[in-house]
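Structure, as structure tokens:
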Amino acid sequence: MSINLIHAIQSALTDEVVGQLGARIGLPAEAARSVMSTAAPALLAGLMQKAATLEGARSLFATVVSPDVNARIAEQLPHLTGSTGGVSELEGAGCGLLERSLDRRAESLSDEVAAQTGVPAHATHAITGIVGATMLGVLKQHLLKSQGNVGQLPALLSHQMPLIAPHLNDRLLAALGLGSVGAFAGSVLAQLKAVSAHIEQPTPAAKPAPEVTAAVQVPADAVVGEKRRSHAWLWWPLLAIIAAAMALVYLFPSGFPRGQWGGGAAAGADAEHRGAAQTASAPVAASGELTAVAASSDAAASTASGAVAALDAASSAAGASASAAGSASTSGVSAASAASATSATSAARQPGVAGAATKESQLAFTVGESGKPTLTATVGSEAEKTELVDELTKRLGQYNYAANIAVDPATKPAGWLPRLDGLVPLMSVPGAELRVDGTHVELSGAAANAKLGWLNTLKSLFGAPYEIGTFDADSAVQQATANFRSAIKALLAPGATCAAADVAKVLNLQVINFTSASAHVPTSAAEDLNQSARVLNACARNGRAAKLEVAGYSDNVGGEQANLQLSKQRAEAVRTYLVKTGAPVDSLSAQGYGQARPIQTNDTASGRFANRRIEFVTQQ
């Protein structure tokens, strides 16, 4: 990920920019260029010295990727230097960033630059600040494009030494507190190399740390086609376990003391899905409501590999429960033992709480156009919350992010927390969205842009058994349609149930994909709604009419009142269509609820897709 920073800075500070800048501060273009040529190498030397220690490298990286650094400065300089106000803003921002990056005020260098170039100090101070802002902006842009992390920053800076060495002198380095050129050059490269080698870099989780391993359940079907191995060796450990259990029963004939032992659900038995609907194992399952999604077509900008929040429930209706009962081992590690390890870790973290680790930890963030991320997270302990806040503050700055972090003692350890270093650069990409739910990672917005390569980067960062994917609304609709059509057949069969809860459960598997800002029922939903009307009509003819409310919901994009009105119009449109197609008029009512009752976070595309929904609700 090497880059010639001197050349990149010169390319950004074009003749047009230098001319405009000189005119604003009363300098000939040649004098302004002379200041730049003197200040830039010295500033790079200062950055190198800062990155030559572990804490310095981390602090510098946090500054570079923070929202205060403008990654698009190279293209914006012609506009920014076109006015006196723009130049003043650039100067102030650059000087502030340099003070954070160099641990000293920019005047210490600009005064020496003035002495060596003969340019007035006020002008050299302004240009030094602008060069600093440009340098950090160019560096940030390169780090974002190459998905660079803190461990790569010292190596990148060390590559600049041959470029800057001919332009350095003892007086410039002394102004930065770096000593002589000889002493600096003789020590800084070795220090940068050592720091780069010692900083923990994101690596695939093929050999995870023990605490991370304990935090994840290994999917039962993670390895396909593995040759069947003999399990004869399991008998002796099994007999030993049985003997130990009998001994414990003898010691505690009335049962174990309450709260002393924690247990976790076996892998494959977890009925909780990350979807916009609850799991339906069959059309006639126990009562509970699923969700039909009313998604706008503008959600289809991102791509998906299957982590669609609105559709996980449909998998059981299509028979996924059968496949979940398959092989119980992956690469020699049993799913049950992984679940047990997770439970044990949670029980240790929350003593006295039986079965504490039952919920998945979560992290979601969306990055605004200014580059400032907004995060929501759920972790299992105050210690994890403190660690998360401390890491975010250290890398982004106290005021450069917004976070809402909840602590739930029933939450499993956050396996993504040790990988936060690799996520920080993504937190500065405008428009990026990410959601981690247990071992499922979903990218959307700018993070799903294939050209930026974040999908492969995060696959490498997280490794197995994490599932990394991007969101695609079209794939979500296709999957939901297939699952709905499989499930609806049971309700159309002779003797099928007409219990309102069972009917609602199946109807909520369908997706009504409204176009943006429209309440017109799309043609793509016609066939599924026709089948829904047939079921409602058949139940009514048999004297068992299912009374349902058609409820409309929206995401949080747009005005609250506008969303409320649109959600009501969509609910009424679906009810009208069903009645026209044969559903009894008195069996359906319609109501809109706007952005109330979100079932997923609105921080990601799939979450907003899930929240824009039509939901069938049972009525008395």
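The chains in the structure tokens are called A, B, ... from first to last as shown; in each chain the residues are counted from 1, and the ligands are counted from 1 in the order shown.
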Hey, could you make a per-residue contact list for segment 49-89 of chain A against segment 112-127 of chain A with 12 Å as the cut-off, showing the nearest pair of atoms and its distance in Å to one decimal, counting only C-alpha atoms, sorted by chain and number, as JSON lines?
{"residue": "A:Thr81", "atom": "CA", "partner": "A:Ile127", "partner_atom": "CA", "distance": 11.2}
{"residue": "A:Thr84", "atom": "CA", "partner": "A:Ala126", "partner_atom": "CA", "distance": 11.6}
{"residue": "A:Gly86", "atom": "CA", "partner": "A:Ala126", "partner_atom": "CA", "distance": 11.8}
{"residue": "A:Val87", "atom": "CA", "partner": "A:Ala126", "partner_atom": "CA", "distance": 8.2}
{"residue": "A:Ser88", "atom": "CA", "partner": "A:Ala126", "partner_atom": "CA", "distance": 7.8}
{"residue": "A:Glu89", "atom": "CA", "partner": "A:Ala126", "partner_atom": "CA", "distance": 10.1}
Write out as a list in words which residues come within 10 Å of Arg597 of chain A when counting only C-alpha atoms, dropping same-chain ones fewer than 5 positions away.
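Here the answer would be Tyr553, Ser554, Asp555 and Asn611 of chain A.
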Closest pair table for segment 49-135 of chain A residues within 10 Å of segment 397-420 of chain A, only C-alpha atoms, as JSON lines:
{"residue": "A:Ser59", "atom": "CA", "partner": "A:Gly397", "partner_atom": "CA", "distance": 9.3}
{"residue": "A:Ala62", "atom": "CA", "partner": "A:Gly397", "partner_atom": "CA", "distance": 7.2}
{"residue": "A:Thr63", "atom": "CA", "partner": "A:Gly397", "partner_atom": "CA", "distance": 7.6}
{"residue": "A:Ser66", "atom": "CA", "partner": "A:Asn400", "partner_atom": "CA", "distance": 6.7}
{"residue": "A:Pro67", "atom": "CA", "partner": "A:Asn400", "partner_atom": "CA", "distance": 6.3}
{"residue": "A:Asp68", "atom": "CA", "partner": "A:Asn400", "partner_atom": "CA", "distance": 7.7}
Find the spatial neighbours of Leu60 of chain A, counting only C-alpha atoms, within a cut-off of 8 Å - ignore same-chain residues fewer than 4 positions away - and output them as JSON, numbers by chain.
{"A": [47, 50, 51, 56, 64, 101]}
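Counting only C-alpha atoms, Asn456 of chain A has the following residues at most 12 Å away, ignoring those fewer than 2 positions along the same chain: Ser146, Gln147, Pro204, Leu443, Ala447, Ala448, Asn449, Ala450, Lys451, Leu452, Gly453, Trp454, Leu458, Lys459, Ser460, Leu461, Phe462, Gly463, Glu467, Ile468, Gly469 and Thr470 of chain A.
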Would you kindly return, as a PyMOL selection string, each protein, DNA or RNA residue with an atom no farther than 7 Å from any atom of Ser587 of chain A, considering only C-alpha atoms and excluding same-chain residues fewer than 3 positions away?
chain A and resi 545-548+584
Using only C-alpha atoms, which of A:Asn530, A:Ala190, A:Leu564, A:Met48 sits nearest Val579 of chain A?
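Of A:Asn530, A:Ala190, A:Leu564, A:Met48, the one nearest Val579 of chain A is A:Asn530, counting only C-alpha atoms.
Atom CA of Ala93 of chain A is positioned 23.4 Å from atom CA of Pro28 of chain A.
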If you measure from atom CA of Ser516 of chain A to atom CA of Pro598 of chain A, what distance in Å do you get, rounded to one decimal?
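According to the coordinates, atom CA of Ser516 of chain A and atom CA of Pro598 of chain A are separated by 18.5 Å.
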Shortest contact to Leu455 of chain A, candidates A:Arg608, A:Ser180, A:Leu423, A:Lys359, atoms counted only C-alpha atoms, goes to A:Leu423
Going by DSSP on the backbone, which residues of segment 37-163 of chain A come out as helix (DSSP H, G or I)? List them as JSON, numbers by chain.
{"A": [37, 38, 39, 40, 41, 42, 43, 44, 45, 46, 47, 48, 49, 50, 54, 55, 56, 57, 58, 59, 60, 61, 62, 63, 64, 73, 74, 75, 76, 77, 78, 79, 80, 84, 85, 86, 87, 88, 89, 90, 91, 92, 93, 94, 95, 96, 97, 98, 99, 100, 101, 102, 107, 108, 109, 110, 111, 112, 113, 114, 115, 116, 117, 121, 122, 123, 124, 125, 126, 127, 128, 129, 130, 131, 132, 133, 134, 135, 136, 137, 138, 139, 140, 141, 142, 143, 144, 145, 150, 151, 152, 153, 154, 155, 156, 157, 158, 161, 162, 163]}
In Å to one decimal, how far is atom CA of Leu21 of chain A from atom CA of Thr134 of chain A?
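Result for atom CA of Thr134 of chain A versus atom CA of Leu21 of chain A: 13.3 Å, one decimal.
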